[in-house]
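First up is the structure itself, then whatever we jot down about it.
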Amino acid sequence: MRLRSFFALGTAALLLISGCTAEPTPTPKPTVSPSASETPTPTPEPIVEPEAAFDVTCDVVAAEMRALVGEPSSPVEPALSVVSTMSWIPGPAQYMFQRAGGIACSAGATGEQRWEVALVPGAESVIAGATERSGYFGEQARCEAGMCFFTFPEGEVLLTASVHAPGLGSADIERVEQAMRRLAASASASIREVEYIPSEIVGLPCERFITEQEVAGIVGEDVGLFTDFGGWGIPAEVYEYVNGSRICYFRTSTSEYEGAAYLMLTTLPAGAWAFEKLDGAGVDVEGADAAKASVGENGENILDVRVGADWLRFMTYDNGAGAADPSPLATTAVRNLTVGPTAPQ
C-alpha cells in the first residue's frame, strides 16, 4: 500500500531572558500585555480530510454509473451505502475506504436503482489479509436478477462494487464490467504515495474504550462483549485490519444472537473530518471535543463523539421499552481514553 505514516511534529520555542550590563543609554522596554506571560492555549490540530491515493473521484464514478443505469433516485454520496448492509456499517464504517487512502461512492438509497463503488490502494495486502481470514474467494464479476457484483484487483488498486437496477442480468456483465475496469485502471494508473493521518486509537482493543464490567454497571445486567460480529470480506478487512477500527458489541452474556443488546461501539481513527459532516443535535459529553445525538431507523439512540481527531459512535437499542441513553456509556469511554480507566473498586 502506498501509504506512509505521518506524524505531526509540534515544536515549542522557549524565550530565555537574561540580565545584561548597564549601558550608557538604556534600551526602552517594550510594552507587554498582562496576558503575554500566561501559558498559551495549545492550538488544536486542524481537521484534515484524508487524501485519496489516486485521481479517481466520486464525480468520475458517477459519470460512469450514469451512463450505465441512468440518473440515481438520490444524490451521490462520498460514503458506503446503508441500504441492505451490515448493522455495523452506518456511521464511522461508511468512511473506512477514505481512511485507507481510497474512495467510496454510493447513490440511489431511496429507490430500486442504486449502486456502490469502492476503490482502495494496497490491493495485494488487502486480499492477502482477507484470504487469511476466509473473506476473499477470488475475483467476482456477475449479473443476475437485477443485480451486479464485482470484486477484482487492478495493479495496486482493489475495486468492489454492486449495482442494482431493474432488468440487469447475465447479458449485462460485459458492459458493466468494462466500466468497472475503466475506473480501476484509471485509479491504478494514477496511484501515488499519500500521508496516512495518525491516530491514538488505531488497533486499541474494545476493553480500552469500555469494559464488560463498566457496561454492566451502567445497564444493570450481565453483559458479554462480542468482537467477531462484522462478517468477513473486503469491508471487514479494510475496517478492522487496514484502519485498525473496532466493532465492540455488548449484549446479554448468554448469546450474541438472542436476548437484549446494550451497546454497539464503532470507530473511525482520525475520522473527525467525517464527524463534522454529520447531522444531529449538538450535546455535551464530558471530556469530548464535540458530540451529536440522533435516532436510528429502528428507534436506536445514537451518540457520535469526537475525541481529538477520532470519531466514536455509541448506539443503544430499543429492546421493547425504548433505547437507553448512551451518554453514560460515552462518558465512561471518553474518560478511559483521555484520563485513564478508573481503578477497580
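Each chain in the C-alpha cells gets a letter, A, B and so on, in the order shown; residues start at 1 in every chain, and ligands are counted from 1 in the order they appear.
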Listing only residues of segment 218-253 of chain A within 8 Å of segment 91-110 of chain A, what is the closest atom pair and its distance in Å (to one decimal) for each, using only C-alpha atoms, sorted by chain and residue number ascending, as JSON lines?
{"residue": "A:Pro235", "atom": "CA", "partner": "A:Met96", "partner_atom": "CA", "distance": 8.0}
{"residue": "A:Val238", "atom": "CA", "partner": "A:Met96", "partner_atom": "CA", "distance": 6.8}
{"residue": "A:Tyr239", "atom": "CA", "partner": "A:Met96", "partner_atom": "CA", "distance": 5.6}
{"residue": "A:Val242", "atom": "CA", "partner": "A:Ala100", "partner_atom": "CA", "distance": 6.6}
{"residue": "A:Asn243", "atom": "CA", "partner": "A:Ala100", "partner_atom": "CA", "distance": 6.3}
If you run DSSP over the backbone, which residues in segment 51-160 of chain A end up strand (DSSP E or B)? Put them as a ChimeraX atom specification.
-> /A:77,103-107,114-121,140-144,147-154,157-160
Any chance you could tabulate, as JSON lines, the residues of segment 270-312 of chain A at most 12 Å from segment 244-259 of chain A with each one's nearest atom pair and distance in Å to one decimal, using only C-alpha atoms, in chain and rising number order?
{"residue": "A:Ala270", "atom": "CA", "partner": "A:Ser245", "partner_atom": "CA", "distance": 10.3}
{"residue": "A:Gly271", "atom": "CA", "partner": "A:Ser245", "partner_atom": "CA", "distance": 10.5}
{"residue": "A:Asp310", "atom": "CA", "partner": "A:Ser245", "partner_atom": "CA", "distance": 10.5}
{"residue": "A:Trp311", "atom": "CA", "partner": "A:Ser245", "partner_atom": "CA", "distance": 10.2}
{"residue": "A:Leu312", "atom": "CA", "partner": "A:Arg246", "partner_atom": "CA", "distance": 9.7}
Residues near Met65 of chain A, cut-off 9 Å, only C-alpha atoms, skip fewer than 6 positions along chain, as a tab-separated table (two decimals) with N, CA and C atoms, in the first residue's frame:
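Produced file part.tsv, reproduced below:
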chain	number	residue	atom	x	y	z
A	71	GLU	N	-29.80	8.23	-14.19
A	71	GLU	CA	-29.73	9.08	-13.01
A	71	GLU	C	-30.21	8.32	-11.77
A	72	PRO	N	-29.50	8.45	-10.66
A	72	PRO	CA	-29.95	7.78	-9.43
A	72	PRO	C	-31.13	8.52	-8.81
A	115	TRP	N	-26.45	2.02	-6.50
A	115	TRP	CA	-25.13	1.46	-6.74
A	115	TRP	C	-24.15	1.90	-5.66
A	163	VAL	N	-24.29	-3.08	-8.18
A	163	VAL	CA	-25.21	-2.27	-8.98
A	163	VAL	C	-26.57	-2.94	-8.95
A	176	VAL	N	-21.07	-3.72	-18.00
A	176	VAL	CA	-20.88	-3.18	-16.65
A	176	VAL	C	-19.45	-3.42	-16.19
A	179	ALA	N	-16.99	-0.89	-17.55
A	179	ALA	CA	-17.00	0.38	-16.82
A	179	ALA	C	-16.21	0.26	-15.52
Work out how far apart atom CA of Tyr241 of chain A and atom CA of Gly129 of chain A are and give it in Å to one decimal.
-> 8.0 Å
Would you mind writing down, as a count of residues only, each residue of segment 37-278 of chain A that DSSP on the backbone assigns to alpha helix (DSSP H)?
-> 62
Mind running segment 258-316 of chain A against segment 325-328 of chain A at 9 Å and telling me each contacting residue's nearest atom pair with the distance in Å (one decimal), counting only C-alpha atoms, chain and number ascending, as a Markdown table?
| residue | atom | partner | partner_atom | distance |
| --- | --- | --- | --- | --- |
| A:Leu263 | CA | A:Pro326 | CA | 8.0 |
| A:Asp284 | CA | A:Ser327 | CA | 8.9 |
| A:Val285 | CA | A:Ser327 | CA | 6.9 |
| A:Asn301 | CA | A:Asp325 | CA | 6.8 |
| A:Ile302 | CA | A:Pro326 | CA | 7.2 |
| A:Leu303 | CA | A:Pro326 | CA | 6.5 |
| A:Phe314 | CA | A:Pro326 | CA | 6.3 |
| A:Met315 | CA | A:Pro326 | CA | 6.7 |
| A:Thr316 | CA | A:Pro326 | CA | 6.1 |
Write the residues you've just listed into a file as an mmCIF file, in the first residue's frame, and include all heavy atoms for each of them.
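Everything below was put into part.cif:
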data_model
loop_
_atom_site.group_PDB
_atom_site.id
_atom_site.type_symbol
_atom_site.label_atom_id
_atom_site.label_comp_id
_atom_site.auth_asym_id
_atom_site.auth_seq_id
_atom_site.Cartn_x
_atom_site.Cartn_y
_atom_site.Cartn_z
ATOM 1 N N LEU A 263 -25.182 -2.196 23.605
ATOM 2 C CA LEU A 263 -24.339 -1.152 23.012
ATOM 3 C C LEU A 263 -23.563 -1.708 21.832
ATOM 4 O O LEU A 263 -23.012 -2.806 21.902
ATOM 5 C CB LEU A 263 -23.339 -0.625 24.050
ATOM 6 C CG LEU A 263 -22.226 0.295 23.525
ATOM 7 C CD1 LEU A 263 -22.798 1.633 23.060
ATOM 8 C CD2 LEU A 263 -21.156 0.521 24.605
ATOM 9 N N ASP A 284 -23.537 17.775 25.051
ATOM 10 C CA ASP A 284 -22.293 17.781 25.807
ATOM 11 C C ASP A 284 -21.996 16.391 26.341
ATOM 12 O O ASP A 284 -22.862 15.739 26.925
ATOM 13 C CB ASP A 284 -22.391 18.756 26.987
ATOM 14 C CG ASP A 284 -22.436 20.209 26.541
ATOM 15 O OD1 ASP A 284 -21.801 20.523 25.517
ATOM 16 O OD2 ASP A 284 -23.115 21.013 27.210
ATOM 17 N N VAL A 285 -20.769 15.939 26.134
ATOM 18 C CA VAL A 285 -20.261 14.712 26.736
ATOM 19 C C VAL A 285 -18.959 15.085 27.422
ATOM 20 O O VAL A 285 -18.031 15.578 26.770
ATOM 21 C CB VAL A 285 -20.028 13.607 25.688
ATOM 22 C CG1 VAL A 285 -19.314 12.415 26.315
ATOM 23 C CG2 VAL A 285 -21.351 13.161 25.076
ATOM 24 N N ASN A 301 -30.893 4.821 19.864
ATOM 25 C CA ASN A 301 -30.301 6.107 20.240
ATOM 26 C C ASN A 301 -28.840 6.098 19.818
ATOM 27 O O ASN A 301 -28.095 5.166 20.151
ATOM 28 C CB ASN A 301 -30.405 6.338 21.749
ATOM 29 C CG ASN A 301 -31.750 6.918 22.137
ATOM 30 O OD1 ASN A 301 -32.415 7.575 21.338
ATOM 31 N ND2 ASN A 301 -32.179 6.668 23.363
ATOM 32 N N ILE A 302 -28.440 7.123 19.086
ATOM 33 C CA ILE A 302 -27.085 7.205 18.537
ATOM 34 C C ILE A 302 -26.402 8.444 19.098
ATOM 35 O O ILE A 302 -26.971 9.544 19.070
ATOM 36 C CB ILE A 302 -27.120 7.266 17.001
ATOM 37 C CG1 ILE A 302 -27.756 5.989 16.438
ATOM 38 C CG2 ILE A 302 -25.709 7.466 16.433
ATOM 39 C CD1 ILE A 302 -28.035 6.061 14.942
ATOM 40 N N LEU A 303 -25.210 8.247 19.593
ATOM 41 C CA LEU A 303 -24.405 9.366 20.084
ATOM 42 C C LEU A 303 -23.042 9.290 19.406
ATOM 43 O O LEU A 303 -22.273 8.357 19.621
ATOM 44 C CB LEU A 303 -24.251 9.291 21.600
ATOM 45 C CG LEU A 303 -23.543 10.460 22.288
ATOM 46 C CD1 LEU A 303 -24.237 11.776 21.969
ATOM 47 C CD2 LEU A 303 -23.479 10.242 23.792
ATOM 48 N N PHE A 314 -21.637 5.559 19.576
ATOM 49 C CA PHE A 314 -22.277 4.742 20.601
ATOM 50 C C PHE A 314 -23.742 4.582 20.217
ATOM 51 O O PHE A 314 -24.460 5.579 20.075
ATOM 52 C CB PHE A 314 -22.165 5.413 21.974
ATOM 53 C CG PHE A 314 -20.741 5.639 22.413
ATOM 54 C CD1 PHE A 314 -20.030 6.756 21.977
ATOM 55 C CD2 PHE A 314 -20.107 4.735 23.245
ATOM 56 C CE1 PHE A 314 -18.711 6.969 22.370
ATOM 57 C CE2 PHE A 314 -18.786 4.936 23.646
ATOM 58 C CZ PHE A 314 -18.095 6.043 23.204
ATOM 59 N N MET A 315 -24.190 3.334 20.050
ATOM 60 C CA MET A 315 -25.569 3.089 19.653
ATOM 61 C C MET A 315 -26.213 2.109 20.619
ATOM 62 O O MET A 315 -25.693 1.019 20.859
ATOM 63 C CB MET A 315 -25.638 2.539 18.228
ATOM 64 C CG MET A 315 -27.058 2.334 17.726
ATOM 65 S SD MET A 315 -27.149 2.093 15.925
ATOM 66 C CE MET A 315 -26.321 0.508 15.755
ATOM 67 N N THR A 316 -27.327 2.524 21.206
ATOM 68 C CA THR A 316 -28.087 1.654 22.091
ATOM 69 C C THR A 316 -29.391 1.284 21.402
ATOM 70 O O THR A 316 -29.877 2.001 20.520
ATOM 71 C CB THR A 316 -28.368 2.329 23.439
ATOM 72 O OG1 THR A 316 -29.071 3.566 23.222
ATOM 73 C CG2 THR A 316 -27.073 2.616 24.179
#
Closest of A:Gly122, A:Gly111, A:Tyr262, A:Val69 to Asp172 of chain A, counting only C-alpha atoms, is A:Val69
